Structures are given as structure tokens and as C-alpha cells.
$ cat my_file-v5.txt   # compact mmCIF, C-alpha atoms
# COMPACT_ATOMS: atom_id res chain seq x y z
CA MET A 1447 29.76 -5.51 3.14
CA ASP A 1448 26.16 -6.39 3.97
CA LYS A 1449 23.99 -8.03 1.34
CA VAL A 1450 20.93 -6.34 -0.18
CA LEU A 1451 18.48 -7.69 -2.74
CA LEU A 1452 17.12 -5.37 -5.43
CA ILE A 1453 13.76 -6.46 -6.85
CA ALA A 1454 12.86 -4.45 -9.95
CA THR A 1455 9.19 -4.32 -10.93
CA GLY A 1456 9.28 -1.38 -13.35
CA GLY A 1457 7.74 2.06 -13.05
CA THR A 1458 9.01 5.50 -14.07
CA ILE A 1459 12.33 4.85 -12.32
CA ALA A 1460 12.98 2.20 -15.03
CA MET A 1461 11.67 4.21 -18.00
CA ARG A 1462 13.20 6.39 -20.69
CA LYS A 1463 11.60 8.59 -23.33
CA ASP A 1464 11.02 7.02 -26.73
CA LYS A 1465 11.30 8.79 -30.11
CA ALA A 1466 7.88 10.36 -29.54
CA GLY A 1467 9.02 11.79 -26.20
CA LYS A 1468 6.84 9.43 -24.15
CA ALA A 1469 8.21 7.54 -21.14
CA VAL A 1470 8.22 3.75 -21.67
CA PRO A 1471 9.82 0.77 -19.84
CA ALA A 1472 13.50 0.59 -20.82
CA VAL A 1473 15.82 -0.16 -17.87
CA SER A 1474 16.33 -3.48 -16.08
CA GLY A 1475 17.23 -3.90 -12.43
CA HIS A 1476 20.81 -4.79 -13.35
CA GLU A 1477 21.08 -1.64 -15.48
CA LEU A 1478 19.67 0.47 -12.64
CA LEU A 1479 22.32 -0.90 -10.31
CA GLU A 1480 25.12 -0.35 -12.82
CA SER A 1481 24.03 3.25 -13.46
CA ILE A 1482 24.57 4.27 -9.82
CA PRO A 1483 28.15 3.42 -8.75
CA GLU A 1484 27.44 4.63 -5.22
CA LEU A 1485 25.28 1.57 -4.60
CA THR A 1486 28.01 -1.04 -5.04
CA LYS A 1487 30.41 0.88 -2.79
CA HIS A 1488 28.29 0.18 0.27
CA ALA A 1489 26.60 -3.20 -0.24
CA ARG A 1490 26.78 -6.56 -1.98
CA TRP A 1491 23.81 -6.81 -4.32
CA ASP A 1492 21.62 -9.54 -5.73
CA VAL A 1493 19.12 -8.52 -8.41
CA LEU A 1494 15.75 -10.01 -9.26
CA ASP A 1495 14.09 -8.62 -12.39
CA PHE A 1496 10.54 -9.43 -11.29
CA SER A 1497 8.89 -7.39 -14.07
CA ASN A 1498 9.29 -4.17 -16.04
CA MET A 1499 5.90 -2.54 -16.32
CA ALA A 1500 3.97 0.55 -15.36
CA SER A 1501 2.46 0.07 -11.92
CA CYS A 1502 -1.05 0.70 -13.25
CA ASN A 1503 -0.69 -2.90 -14.52
CA MET A 1504 -0.07 -4.29 -11.03
CA ASP A 1505 -2.85 -6.57 -9.78
CA LEU A 1506 -3.48 -8.73 -6.71
CA LYS A 1507 -2.00 -11.85 -8.28
CA GLN A 1508 1.25 -10.03 -9.05
CA MET A 1509 1.33 -8.50 -5.56
CA ARG A 1510 0.93 -12.00 -4.11
CA ASN A 1511 3.72 -13.35 -6.34
CA LEU A 1512 5.97 -10.49 -5.24
CA ALA A 1513 5.19 -11.18 -1.57
CA TYR A 1514 5.95 -14.86 -2.11
CA ALA A 1515 9.29 -14.04 -3.80
CA ILE A 1516 10.27 -11.80 -0.88
CA GLU A 1517 9.23 -14.40 1.69
CA GLN A 1518 11.25 -17.10 -0.07
CA ARG A 1519 14.40 -14.96 -0.27
CA PHE A 1520 14.20 -14.17 3.43
CA LEU A 1521 13.67 -17.85 4.27
CA THR A 1522 16.58 -19.08 2.16
CA ASP A 1523 19.13 -16.30 2.72
CA PRO A 1524 19.92 -15.55 6.38
CA ASP A 1525 22.74 -13.20 5.28
CA LEU A 1526 20.31 -10.87 3.53
CA LYS A 1527 20.23 -7.52 5.35
CA GLY A 1528 17.19 -6.12 3.57
CA ILE A 1529 15.27 -5.87 0.31
CA VAL A 1530 14.75 -2.83 -1.94
CA VAL A 1531 11.85 -2.92 -4.41
CA THR A 1532 11.67 -0.44 -7.30
CA HIS A 1533 8.09 0.29 -8.35
CA GLY A 1534 5.88 2.79 -10.14
CA THR A 1535 4.26 5.52 -8.06
CA ASP A 1536 0.69 5.02 -9.34
CA THR A 1537 0.01 1.98 -7.15
CA LEU A 1538 3.09 2.09 -4.91
CA GLU A 1539 1.11 2.57 -1.71
CA GLU A 1540 -1.10 -0.44 -2.50
CA THR A 1541 1.75 -2.85 -3.21
CA ALA A 1542 3.62 -1.58 -0.15
CA TYR A 1543 0.58 -2.18 2.06
CA PHE A 1544 -0.06 -5.62 0.56
CA LEU A 1545 3.52 -6.56 1.46
CA ASP A 1546 3.20 -4.97 4.89
CA ILE A 1547 0.31 -7.20 5.90
CA THR A 1548 1.71 -10.38 4.33
CA ILE A 1549 5.47 -10.38 5.07
CA ARG A 1550 6.26 -11.51 8.62
CA ASP A 1551 10.08 -11.33 8.52
CA PRO A 1552 11.34 -8.37 10.62
CA ARG A 1553 14.07 -7.43 8.14
CA PRO A 1554 13.41 -4.21 6.20
CA VAL A 1555 11.60 -4.12 2.87
CA ILE A 1556 11.83 -0.67 1.27
CA LEU A 1557 9.87 0.37 -1.81
CA THR A 1558 11.18 3.27 -3.84
CA ALA A 1559 10.35 4.94 -7.13
CA SER A 1560 10.69 8.18 -9.06
CA GLN A 1561 8.44 10.82 -10.55
CA ARG A 1562 10.94 11.64 -13.31
CA ASP A 1563 12.12 8.99 -15.75
CA ALA A 1564 15.72 7.85 -16.18
CA SER A 1565 16.30 10.04 -19.27
CA GLU A 1566 15.62 13.24 -17.29
CA THR A 1567 18.82 15.01 -16.22
CA ASP A 1568 17.29 15.75 -12.81
CA SER A 1569 15.65 12.36 -12.28
CA ASP A 1570 14.88 11.65 -8.63
CA GLY A 1571 15.42 7.92 -9.16
CA PRO A 1572 19.13 7.63 -8.29
CA ARG A 1573 18.79 9.57 -5.04
CA ASN A 1574 15.68 7.64 -4.00
CA LEU A 1575 17.31 4.28 -4.74
CA THR A 1576 20.47 5.25 -2.88
CA ASN A 1577 18.43 6.35 0.13
CA ALA A 1578 16.48 3.09 0.06
CA MET A 1579 19.79 1.23 0.25
CA ARG A 1580 20.85 3.34 3.26
CA ILE A 1581 17.65 2.39 5.05
CA ALA A 1582 18.09 -1.30 4.20
CA LEU A 1583 21.57 -1.23 5.73
CA ASP A 1584 20.44 0.57 8.90
CA SER A 1585 19.99 -1.91 11.77
CA ARG A 1586 17.31 0.37 13.26
CA ALA A 1587 15.09 -0.32 10.26
CA MET A 1588 14.37 -3.80 11.63
CA ASP A 1589 10.79 -4.57 12.66
CA ARG A 1590 9.33 -1.32 11.28
CA GLY A 1591 7.18 -2.99 8.66
CA VAL A 1592 7.34 -2.24 4.94
CA LEU A 1593 8.73 1.23 4.24
CA ILE A 1594 8.58 3.72 1.38
CA ALA A 1595 11.64 5.88 0.62
CA LEU A 1596 10.94 8.93 -1.53
CA ASN A 1597 12.11 12.55 -1.61
CA GLU A 1598 14.47 11.92 1.34
CA GLU A 1599 11.50 10.88 3.50
CA ILE A 1600 10.66 7.51 5.04
CA HIS A 1601 7.00 6.56 5.25
CA ALA A 1602 5.04 3.65 6.73
CA ALA A 1603 3.19 1.61 4.10
CA ARG A 1604 -0.06 1.79 6.06
CA ASP A 1605 -0.15 5.57 6.40
CA VAL A 1606 1.26 7.00 3.16
CA ARG A 1607 -0.76 8.28 0.19
CA LYS A 1608 0.10 9.75 -3.18
CA LEU A 1609 -1.26 13.30 -3.27
CA HIS A 1610 0.16 14.79 -6.46
CA THR A 1611 0.42 13.44 -10.00
CA ASN A 1612 3.95 14.60 -10.79
CA HIS A 1613 5.70 16.50 -7.96
CA VAL A 1614 8.71 14.77 -6.40
CA ASP A 1615 7.15 15.37 -2.97
CA ALA A 1616 3.95 13.61 -4.01
CA PHE A 1617 3.69 11.26 -1.01
CA ASN A 1618 2.46 12.22 2.44
CA SER A 1619 1.41 10.45 5.64
CA GLY A 1620 -0.95 13.13 6.89
CA GLU A 1621 -1.26 13.80 10.60
CA LYS A 1622 0.68 10.62 11.41
CA GLY A 1623 3.76 12.12 9.76
CA ASP A 1624 6.73 10.40 8.18
CA LEU A 1625 8.87 7.86 10.06
CA GLY A 1626 12.16 9.55 9.33
CA THR A 1627 14.35 11.37 6.84
CA ILE A 1628 17.67 11.04 5.07
CA ASP A 1629 20.04 13.96 5.71
CA THR A 1630 23.49 14.10 4.04
CA GLY A 1631 23.46 10.32 3.85
CA ASP A 1632 22.39 9.76 7.46
CA VAL A 1633 19.17 7.90 8.31
CA LEU A 1634 17.27 9.85 10.97
CA TRP A 1635 14.26 8.19 12.62
CA HIS A 1636 11.38 10.29 14.02
CA ARG A 1637 8.97 7.62 15.23
CA LYS A 1638 8.10 3.94 15.06
CA PRO A 1639 5.01 2.86 13.13
CA GLU A 1640 2.13 1.08 14.77
CA HIS A 1641 2.42 -2.62 13.93
CA THR A 1642 -0.07 -3.78 11.33
CA ILE A 1643 -1.80 -7.14 11.51
CA LYS A 1644 0.23 -9.74 9.61
CA LEU A 1645 -2.01 -12.07 7.62
CA GLY A 1646 0.70 -14.00 5.77
CA VAL A 1647 1.01 -14.59 2.03
CA PRO A 1648 -2.42 -15.82 0.89
CA GLU A 1649 -3.11 -18.86 -1.24
CA LYS A 1650 -6.50 -17.41 -2.14
CA LEU A 1651 -7.82 -13.87 -2.55
CA ALA A 1652 -11.45 -12.85 -2.10
CA LYS A 1653 -13.14 -10.63 -4.69
CA VAL A 1654 -13.80 -7.22 -3.17
CA ALA A 1655 -15.40 -4.35 -5.08
CA ILE A 1656 -15.08 -0.60 -4.45
CA CYS A 1657 -17.88 1.92 -4.97
CA LYS A 1658 -17.36 5.68 -4.62
CA ILE A 1659 -20.42 7.61 -3.46
CA TYR A 1660 -21.36 10.89 -5.12
CA THR A 1661 -24.16 13.41 -4.71
CA GLY A 1662 -27.43 12.37 -6.35
CA MET A 1663 -26.15 8.85 -6.93
CA PRO A 1664 -28.86 6.39 -8.11
CA LYS A 1665 -29.22 3.31 -5.94
CA ASP A 1666 -29.10 0.78 -8.79
CA ILE A 1667 -25.35 1.38 -9.16
CA LEU A 1668 -24.80 -0.46 -5.87
CA ARG A 1669 -26.81 -3.38 -7.21
CA LEU A 1670 -24.62 -3.49 -10.30
CA MET A 1671 -21.48 -3.49 -8.13
CA THR A 1672 -22.48 -6.70 -6.37
CA HIS A 1673 -23.06 -10.02 -8.04
CA ASP A 1674 -22.61 -13.72 -7.35
CA GLU A 1675 -18.79 -13.48 -7.34
CA THR A 1676 -18.54 -10.44 -5.05
CA ASP A 1677 -17.34 -11.42 -1.57
CA ALA A 1678 -17.37 -7.92 -0.01
CA LEU A 1679 -18.04 -4.29 -0.92
CA VAL A 1680 -16.05 -1.25 0.18
CA ILE A 1681 -18.06 1.98 0.00
CA GLU A 1682 -16.15 5.26 -0.08
CA ALA A 1683 -18.61 7.62 1.59
CA PHE A 1684 -18.56 11.32 2.50
CA GLY A 1685 -16.83 12.77 5.55
CA ARG A 1686 -17.12 10.62 8.67
CA GLY A 1687 -18.95 7.92 6.69
CA ASN A 1688 -22.26 9.37 5.46
CA LEU A 1689 -24.14 9.06 2.18
CA PRO A 1690 -27.45 9.87 0.42
CA PRO A 1691 -30.30 8.27 2.42
CA ARG A 1692 -31.84 6.65 -0.67
CA LEU A 1693 -28.86 4.27 -0.71
CA VAL A 1694 -29.39 2.89 2.80
CA PRO A 1695 -32.11 0.32 1.93
CA GLU A 1696 -29.99 -0.94 -0.97
CA ILE A 1697 -26.95 -1.36 1.29
CA SER A 1698 -29.12 -3.11 3.86
CA GLU A 1699 -30.23 -5.61 1.21
CA ILE A 1700 -26.62 -6.26 0.16
CA ILE A 1701 -25.66 -6.96 3.78
CA ASN A 1702 -28.69 -9.22 4.27
CA ASN A 1703 -27.54 -11.20 1.23
CA GLY A 1704 -24.37 -12.06 3.13
CA ILE A 1705 -21.97 -9.56 1.55
CA PRO A 1706 -19.99 -7.53 4.13
CA VAL A 1707 -20.03 -3.77 3.49
CA VAL A 1708 -17.15 -1.64 4.79
CA ILE A 1709 -17.39 2.15 4.99
CA THR A 1710 -14.38 4.37 4.23
CA SER A 1711 -14.14 8.11 3.55
CA ARG A 1712 -13.29 10.11 0.46
CA CYS A 1713 -11.39 12.44 2.80
CA LEU A 1714 -7.69 11.74 2.55
CA PHE A 1715 -7.07 11.69 6.28
CA GLY A 1716 -9.09 11.16 9.46
CA ARG A 1717 -11.29 8.40 10.90
CA THR A 1718 -14.70 7.19 9.84
CA SER A 1719 -17.18 6.92 12.72
CA PRO A 1720 -20.96 6.48 13.04
CA VAL A 1721 -21.45 9.78 14.88
CA TYR A 1722 -24.24 11.28 12.76
CA GLY A 1723 -27.80 10.19 13.49
CA TYR A 1724 -29.64 11.82 10.59
CA SER A 1725 -31.03 9.80 7.68
CA GLY A 1726 -28.08 8.49 5.67
CA GLY A 1727 -25.66 9.27 8.49
CA GLY A 1728 -23.12 6.83 9.87
CA ALA A 1729 -25.44 5.71 12.66
CA ASP A 1730 -27.93 4.62 10.00
CA LEU A 1731 -25.25 2.52 8.34
CA GLU A 1732 -24.11 1.04 11.64
CA ARG A 1733 -27.72 0.07 12.44
CA ILE A 1734 -28.05 -1.98 9.23
CA GLY A 1735 -24.75 -3.78 9.86
CA ALA A 1736 -22.14 -1.85 7.85
CA TRP A 1737 -18.58 -1.80 9.23
CA PHE A 1738 -16.32 1.22 9.66
CA ALA A 1739 -12.60 1.09 8.78
CA ASP A 1740 -11.10 3.76 11.05
CA ASP A 1741 -8.63 5.87 8.99
CA LEU A 1742 -7.50 3.19 6.53
CA SER A 1743 -7.81 4.25 2.88
CA THR A 1744 -10.37 2.72 0.54
CA GLU A 1745 -7.77 0.93 -1.57
CA LYS A 1746 -5.98 -0.50 1.46
CA VAL A 1747 -9.24 -1.68 3.02
CA ARG A 1748 -9.96 -3.56 -0.19
CA LEU A 1749 -6.56 -5.27 0.00
CA PHE A 1750 -6.93 -6.16 3.68
CA VAL A 1751 -10.44 -7.58 3.26
CA SER A 1752 -9.45 -9.52 0.15
CA ILE A 1753 -6.55 -11.21 1.94
CA ALA A 1754 -8.40 -11.74 5.24
CA LEU A 1755 -11.48 -13.33 3.64
CA GLY A 1756 -9.24 -15.41 1.40
CA GLN A 1757 -7.43 -16.64 4.52
CA GLY A 1758 -10.73 -17.60 6.15
CA VAL A 1759 -10.75 -14.92 8.87
CA ALA A 1760 -14.12 -14.98 10.66
CA LEU A 1761 -16.41 -12.03 9.88
CA LYS A 1762 -16.65 -10.99 13.54
CA THR A 1763 -12.86 -10.94 13.83
CA LEU A 1764 -12.48 -9.07 10.53
CA LYS A 1765 -14.92 -6.42 11.72
CA GLU A 1766 -12.86 -5.94 14.91
CA MET A 1767 -9.64 -5.73 12.90
CA LEU A 1768 -11.04 -3.04 10.62
CA ALA A 1769 -12.49 -1.07 13.52
CA ALA A 1770 -8.93 -0.89 14.89
CA GLY A 1771 -7.59 0.26 11.51
CA ALA A 1772 -5.96 -3.15 10.84
CA ILE A 1773 -3.40 -2.35 13.53
CA ASN A 1774 -2.33 -5.21 15.77
CA PHE A 1775 -4.65 -4.20 18.61
CA MET A 1776 -4.28 -7.57 20.35
CA ASN A 1777 -0.73 -6.66 21.34
CA LYS A 1778 -1.66 -3.24 22.72
$ encode --input "my_file-v5.txt" --output "C-alpha cells"
Amino acid sequence: MDKVLLIATGGTIAMRKDKAGKAVPAVSGHELLESIPELTKHARWDVLDFSNMASCNMDLKQMRNLAYAIEQRFLTDPDLKGIVVTHGTDTLEETAYFLDITIRDPRPVILTASQRDASETDSDGPRNLTNAMRIALDSRAMDRGVLIALNEEIHAARDVRKLHTNHVDAFNSGEKGDLGTIDTGDVLWHRKPEHTIKLGVPEKLAKVAICKIYTGMPKDILRLMTHDETDALVIEAFGRGNLPPRLVPEISEIINNGIPVVITSRCLFGRTSPVYGYSGGGADLERIGAWFADDLSTEKVRLFVSIALGQGVALKTLKEMLAAGAINFMNK
């Protein structure tokens, strides 16, 4: 049988209800594996209990440590077919994307989770974990980047977003669509993802802040968001990348102080673009030197910029990367 590594980080999939009826961390990676006999019928497993925490506690340092652990296992174990990572859904898409732009090995890394804890009789955890194993064992999963397996769907880390707080079908990839599905145990592929730029596991991470724009927003908030330790600012604007005109001079000052400003949209799907020429429109922001991040989400732009600046990527190159949505445009 092929060899698969299970890395357990925690999340609802590893929780049970306590005496007060609240879900809390309770199940290790080894216990998860033992609770689903189907898993050991089809693969040889190694288990790494990386952590057991709610994913709201995940931070960039832990993401980097996870990426390093995955890189080291791939480097030292040529027999490893793939890696399955169990994770909480709150920040699943962020960790998946961090891994997607740092792990260069073509073997599959699949993140999975559950919306219902392990004490629920209809928990979605066992099915999701079993499906993640099926993907890891599928030779066609090679060179597709980091994947997310949930609700019998396969998603690309770059494209997927969590859209619902508790439904089992909470994750969606918008107009890009999922990569494939699991049907009666068979892995069915619909499309290949566009290859993301691989930055490698960083030694250093830049400090990048996020600011969400809202109607009537006072300009001094932007000033408070930037300080001596801020290396870049991601602004989540309206629509195509527009905002209240009173904020434009403040953003211009931030850029002139040497802090890159990247514009994303509060819309879940679709591209930002400087197409509007009115005061506060995207063309105004482009004129003062703000960058636009195509259709990449605010949180994922923050991750990409943090890693890229930490790796010493030149600002001109970083701007071009973001304009292409952090997709490997050089190979197109």
C-alpha cells in the first residue's frame, strides 16, 4: 500500500462537546486515524500531531512551521505518496494558500476539516478525511497545488472561500468552480488549477496590515493602521476597487512614505480594476501608485505580500505578480 502522512492541527474535526455542550479540542491525529477503519485498509499511515487548536489561533509563524514540516517530510521520504492536513474551517483557506505558495514539491497536499464535531452522530469529518486520503492516493493529483477536500468537492487553495458559518457545503470557488468531486469513492477531476507562483518557505515574514473600507469612513483610521513596523497595507475597497474620495490623499501619503498599498474588493468574486475615473474611483488610486490584486482575496493578498516582501522580492516584480493574481504568468 502507498504511504500517506496525516498532519493534525486541530479544528472542529478534532473536537468533542464538553459537559457544557460546547465543542473543544479533544481528539489527536492518532485517534482520528483509529476511529476510521476505512483509512488503514487503503494506505500506510504516518501521523504528525502538529497541534490541536481552533484554527482562529493559527498565525503566520505557525503556518510557516507547518510549511517547513511538510517540506522536510517530502525531502526525507521519497516513498510518501501525499500529505493530508486536518484543520479548522475558520482559517482553512488561508493556511491552504500559504502552503500553496510555499511548497514546491509536486506531490499532493490536501487540507480537510469538518463543520460538525466528532461527537455529532452525523459529523462530516470521517467522510471528508476519507475523501482526502482518496485524493492523496490518486496519481492524477500530482502537480495540482495544495487542495481542499470538503463535502465531496475538491477545491484549489487559491480560489476557494468559506461562505457559510456552519453548513457542510460552506466552501465555494465561485466562477472558477471546483477542481473535481468524489463520487462513490471515485476521484473525478473537472479541471486543472492555474499554477500559483511558488515563493518557497520564508525565513522572514513582512508585517502587512488589512483595512476594510466602509461608507463615511474617517481618514485618520488609515493613519492608525500604518506605523513604523508596517511594511505594506492591503485595502479592501468597494466593487472594482473604489472608495470614499476623502481617503485618497491619505493613501497617497502612505504610498509616498514608502509603504506599498494593494487594493482588493469586498466582493467575494471578480477582479479589481481601475476602470472608474470619478473622484475616489480606481483610476484615482492607480494615479497615486496603488496596486490592484486581480481577483485574489484580501486575506490571501496579505499572505502573498508578507511572504514576498520577506523574501526580498522587488516592488516592481511584486506589483506585476499581484496584477496577474499571483498566478505564474511567466510560464504562460
$ atom_distance --input "my_file-v5.txt" --atom1 "CA of Thr1763 (chain A)" --atom2 "CA of Ala1736 (chain A)"
14.3 Å
$ closest_atom_pairs --input "my_file-v5.txt" --of "region 1608-1707 of chain A" --to "region 1719-1724 of chain A" --cutoff "10 Å" --atoms "only C-alpha atoms" --output "JSON lines"
{"residue": "A:Gly1685", "atom": "CA", "partner": "A:Ser1719", "partner_atom": "CA", "distance": 9.3}
{"residue": "A:Arg1686", "atom": "CA", "partner": "A:Ser1719", "partner_atom": "CA", "distance": 5.5}
{"residue": "A:Gly1687", "atom": "CA", "partner": "A:Ser1719", "partner_atom": "CA", "distance": 6.4}
{"residue": "A:Asn1688", "atom": "CA", "partner": "A:Tyr1722", "partner_atom": "CA", "distance": 7.8}
{"residue": "A:Pro1691", "atom": "CA", "partner": "A:Tyr1724", "partner_atom": "CA", "distance": 8.9}
$ write_last_selection --input "my_file-v5.txt" --atoms "C-alpha atoms" --output "mmCIF file, in the frame of the given file"
data_model
loop_
_atom_site.group_PDB
_atom_site.id
_atom_site.type_symbol
_atom_site.label_atom_id
_atom_site.label_comp_id
_atom_site.auth_asym_id
_atom_site.auth_seq_id
_atom_site.Cartn_x
_atom_site.Cartn_y
_atom_site.Cartn_z
ATOM 1 C CA GLY A 1685 -16.830 12.770 5.550
ATOM 2 C CA ARG A 1686 -17.120 10.620 8.670
ATOM 3 C CA GLY A 1687 -18.950 7.920 6.690
ATOM 4 C CA ASN A 1688 -22.260 9.370 5.460
ATOM 5 C CA PRO A 1691 -30.300 8.270 2.420
#
$ atom_distance --input "my_file-v5.txt" --atom1 "CA of Asp1730 (chain A)" --atom2 "CA of Ser1752 (chain A)"
25.3 Å
$ closest_residue --input "my_file-v5.txt" --among "A:Asn1498, A:Thr1676, A:Asn1511, A:Thr1458" --to "Leu1755 (chain A)" --atoms "all atoms listed in the file"
A:Thr1676
$ axis_aligned_box --input "my_file-v5.txt" --around "region 1749-1765 of chain A" --padding-each-side "4 Å" --output "JSON"
{"center_x": -11.6, "center_y": -11.4, "center_z": 6.9, "size_x": 18.1, "size_y": 20.3, "size_z": 21.8}
$ residues_around --input "my_file-v5.txt" --residues "region 1607-1620 of chain A" --least-positions-apart "4" --cutoff "7 Å" --atoms "all atoms listed in the file" --output "list of chain:residue names"
A:Glu1539, A:Gln1561, A:Asn1597, A:His1601, A:Asp1624, A:Phe1715
$ atom_distance --input "my_file-v5.txt" --atom1 "CA of Pro1572 (chain A)" --atom2 "CA of Leu1526 (chain A)"
22.0 Å
$ residues_around --input "my_file-v5.txt" --residues "Ala1603 (chain A)" --least-positions-apart "6" --cutoff "12 Å" --atoms "all atoms listed in the file" --output "ChimeraX atom specification"
/A:1537-1547,1554-1558,1590-1595,1617-1619,1622-1625,1639-1642,1742-1743,1746
$ write_last_selection --input "my_file-v5.txt" --atoms "C-alpha atoms" --output "compact mmCIF listing (two decimals), keeping the file's coordinate frame"
# COMPACT_ATOMS: atom_id res chain seq x y z
CA THR A 1537 0.01 1.98 -7.15
CA LEU A 1538 3.09 2.09 -4.91
CA GLU A 1539 1.11 2.57 -1.71
CA GLU A 1540 -1.10 -0.44 -2.50
CA THR A 1541 1.75 -2.85 -3.21
CA ALA A 1542 3.62 -1.58 -0.15
CA TYR A 1543 0.58 -2.18 2.06
CA PHE A 1544 -0.06 -5.62 0.56
CA LEU A 1545 3.52 -6.56 1.46
CA ASP A 1546 3.20 -4.97 4.89
CA ILE A 1547 0.31 -7.20 5.90
CA PRO A 1554 13.41 -4.21 6.20
CA VAL A 1555 11.60 -4.12 2.87
CA ILE A 1556 11.83 -0.67 1.27
CA LEU A 1557 9.87 0.37 -1.81
CA THR A 1558 11.18 3.27 -3.84
CA ARG A 1590 9.33 -1.32 11.28
CA GLY A 1591 7.18 -2.99 8.66
CA VAL A 1592 7.34 -2.24 4.94
CA LEU A 1593 8.73 1.23 4.24
CA ILE A 1594 8.58 3.72 1.38
CA ALA A 1595 11.64 5.88 0.62
CA PHE A 1617 3.69 11.26 -1.01
CA ASN A 1618 2.46 12.22 2.44
CA SER A 1619 1.41 10.45 5.64
CA LYS A 1622 0.68 10.62 11.41
CA GLY A 1623 3.76 12.12 9.76
CA ASP A 1624 6.73 10.40 8.18
CA LEU A 1625 8.87 7.86 10.06
CA PRO A 1639 5.01 2.86 13.13
CA GLU A 1640 2.13 1.08 14.77
CA HIS A 1641 2.42 -2.62 13.93
CA THR A 1642 -0.07 -3.78 11.33
CA LEU A 1742 -7.50 3.19 6.53
CA SER A 1743 -7.81 4.25 2.88
CA LYS A 1746 -5.98 -0.50 1.46
$ residues_around --input "my_file-v5.txt" --residues "Ser1474 (chain A)" --least-positions-apart "5" --cutoff "8 Å" --atoms "only C-alpha atoms" --output "ChimeraX atom specification"
/A:1454,1456,1460,1495,1498
$ residues_around --input "my_file-v5.txt" --residues "region 1766-1776 of chain A" --least-positions-apart "2" --cutoff "9 Å" --atoms "all atoms listed in the file" --output "ChimeraX atom specification"
/A:1547,1640-1644,1708,1717,1737-1742,1747,1750-1751,1761-1764,1778
$ write_last_selection --input "my_file-v5.txt" --atoms "C-alpha atoms" --output "CSV table (one decimal), keeping the file's coordinate frame"
chain,number,residue,atom,x,y,z
A,1547,ILE,CA,0.3,-7.2,5.9
A,1640,GLU,CA,2.1,1.1,14.8
A,1641,HIS,CA,2.4,-2.6,13.9
A,1642,THR,CA,-0.1,-3.8,11.3
A,1643,ILE,CA,-1.8,-7.1,11.5
A,1644,LYS,CA,0.2,-9.7,9.6
A,1708,VAL,CA,-17.2,-1.6,4.8
A,1717,ARG,CA,-11.3,8.4,10.9
A,1737,TRP,CA,-18.6,-1.8,9.2
A,1738,PHE,CA,-16.3,1.2,9.7
A,1739,ALA,CA,-12.6,1.1,8.8
A,1740,ASP,CA,-11.1,3.8,11.0
A,1741,ASP,CA,-8.6,5.9,9.0
A,1742,LEU,CA,-7.5,3.2,6.5
A,1747,VAL,CA,-9.2,-1.7,3.0
A,1750,PHE,CA,-6.9,-6.2,3.7
A,1751,VAL,CA,-10.4,-7.6,3.3
A,1761,LEU,CA,-16.4,-12.0,9.9
A,1762,LYS,CA,-16.6,-11.0,13.5
A,1763,THR,CA,-12.9,-10.9,13.8
A,1764,LEU,CA,-12.5,-9.1,10.5
A,1778,LYS,CA,-1.7,-3.2,22.7
$ residues_near_point --input "my_file-v5.txt" --point "(8.3, -13.8, 2.2)" --cutoff "8 Å" --atoms "all atoms listed in the file" --output "VMD selection string"
chain A and resid 1513 to 1521 1548 to 1551 1647
$ closest_residue --input "my_file-v5.txt" --among "A:Ala1683, A:Ile1709, A:Val1450, A:Ile1734" --to "Asp1584 (chain A)" --atoms "all atoms listed in the file"
A:Val1450
$ residues_around --input "my_file-v5.txt" --residues "Asp1674 (chain A)" --least-positions-apart "4" --cutoff "12 Å" --atoms "only C-alpha atoms" --output "VMD selection string"
chain A and resid 1653 to 1654 1669 to 1670 1678 1700 1703 to 1705
$ closest_residue --input "my_file-v5.txt" --among "A:Val1493, A:Leu1731, A:Leu1485, A:Ala1754" --to "Glu1699 (chain A)" --atoms "all atoms listed in the file"
A:Leu1731
$ closest_residue --input "my_file-v5.txt" --among "A:Asp1568, A:Asp1505, A:Asp1589, A:Glu1477" --to "Lys1638 (chain A)" --atoms "only C-alpha atoms"
A:Asp1589
$ closest_residue --input "my_file-v5.txt" --among "A:Ser1481, A:Ala1564, A:Cys1657, A:Cys1502" --to "Thr1576 (chain A)" --atoms "all atoms listed in the file"
A:Ser1481
$ closest_residue --input "my_file-v5.txt" --among "A:Gly1728, A:Pro1648, A:Gly1631, A:Gly1716" --to "Glu1484 (chain A)" --atoms "only C-alpha atoms"
A:Gly1631
$ decode --input "my_file-v5.txt" --residues "region 1578-1600 of chain A" --atoms "C-alpha atoms" --output "JSON list (two decimals), in the first residue's frame"
[["chain", "number", "residue", "atom", "x", "y", "z"],
["A", 1578, "ALA", "CA", -8.81, 13.44, 1.33],
["A", 1579, "MET", "CA", -7.00, 10.09, 1.51],
["A", 1580, "ARG", "CA", -8.51, 9.05, -1.85],
["A", 1581, "ILE", "CA", -7.18, 12.22, -3.44],
["A", 1582, "ALA", "CA", -3.73, 11.73, -1.88],
["A", 1583, "LEU", "CA", -3.57, 8.24, -3.39],
["A", 1584, "ASP", "CA", -4.70, 9.38, -6.85],
["A", 1585, "SER", "CA", -1.71, 9.77, -9.19],
["A", 1586, "ARG", "CA", -3.62, 12.48, -11.11],
["A", 1587, "ALA", "CA", -3.48, 14.71, -8.03],
["A", 1588, "MET", "CA", 0.21, 15.36, -8.71],
["A", 1589, "ASP", "CA", 1.22, 18.93, -9.59],
["A", 1590, "ARG", "CA", -2.21, 20.45, -8.87],
["A", 1591, "GLY", "CA", -1.04, 22.58, -5.98],
["A", 1592, "VAL", "CA", -2.48, 22.46, -2.47],
["A", 1593, "LEU", "CA", -6.05, 21.14, -2.45],
["A", 1594, "ILE", "CA", -9.04, 21.34, -0.12],
["A", 1595, "ALA", "CA", -11.35, 18.32, 0.22],
["A", 1596, "LEU", "CA", -14.75, 19.08, 1.75],
["A", 1597, "ASN", "CA", -18.33, 17.97, 1.13],
["A", 1598, "GLU", "CA", -17.19, 15.58, -1.63],
["A", 1599, "GLU", "CA", -15.71, 18.52, -3.56],
["A", 1600, "ILE", "CA", -12.09, 19.29, -4.43]]
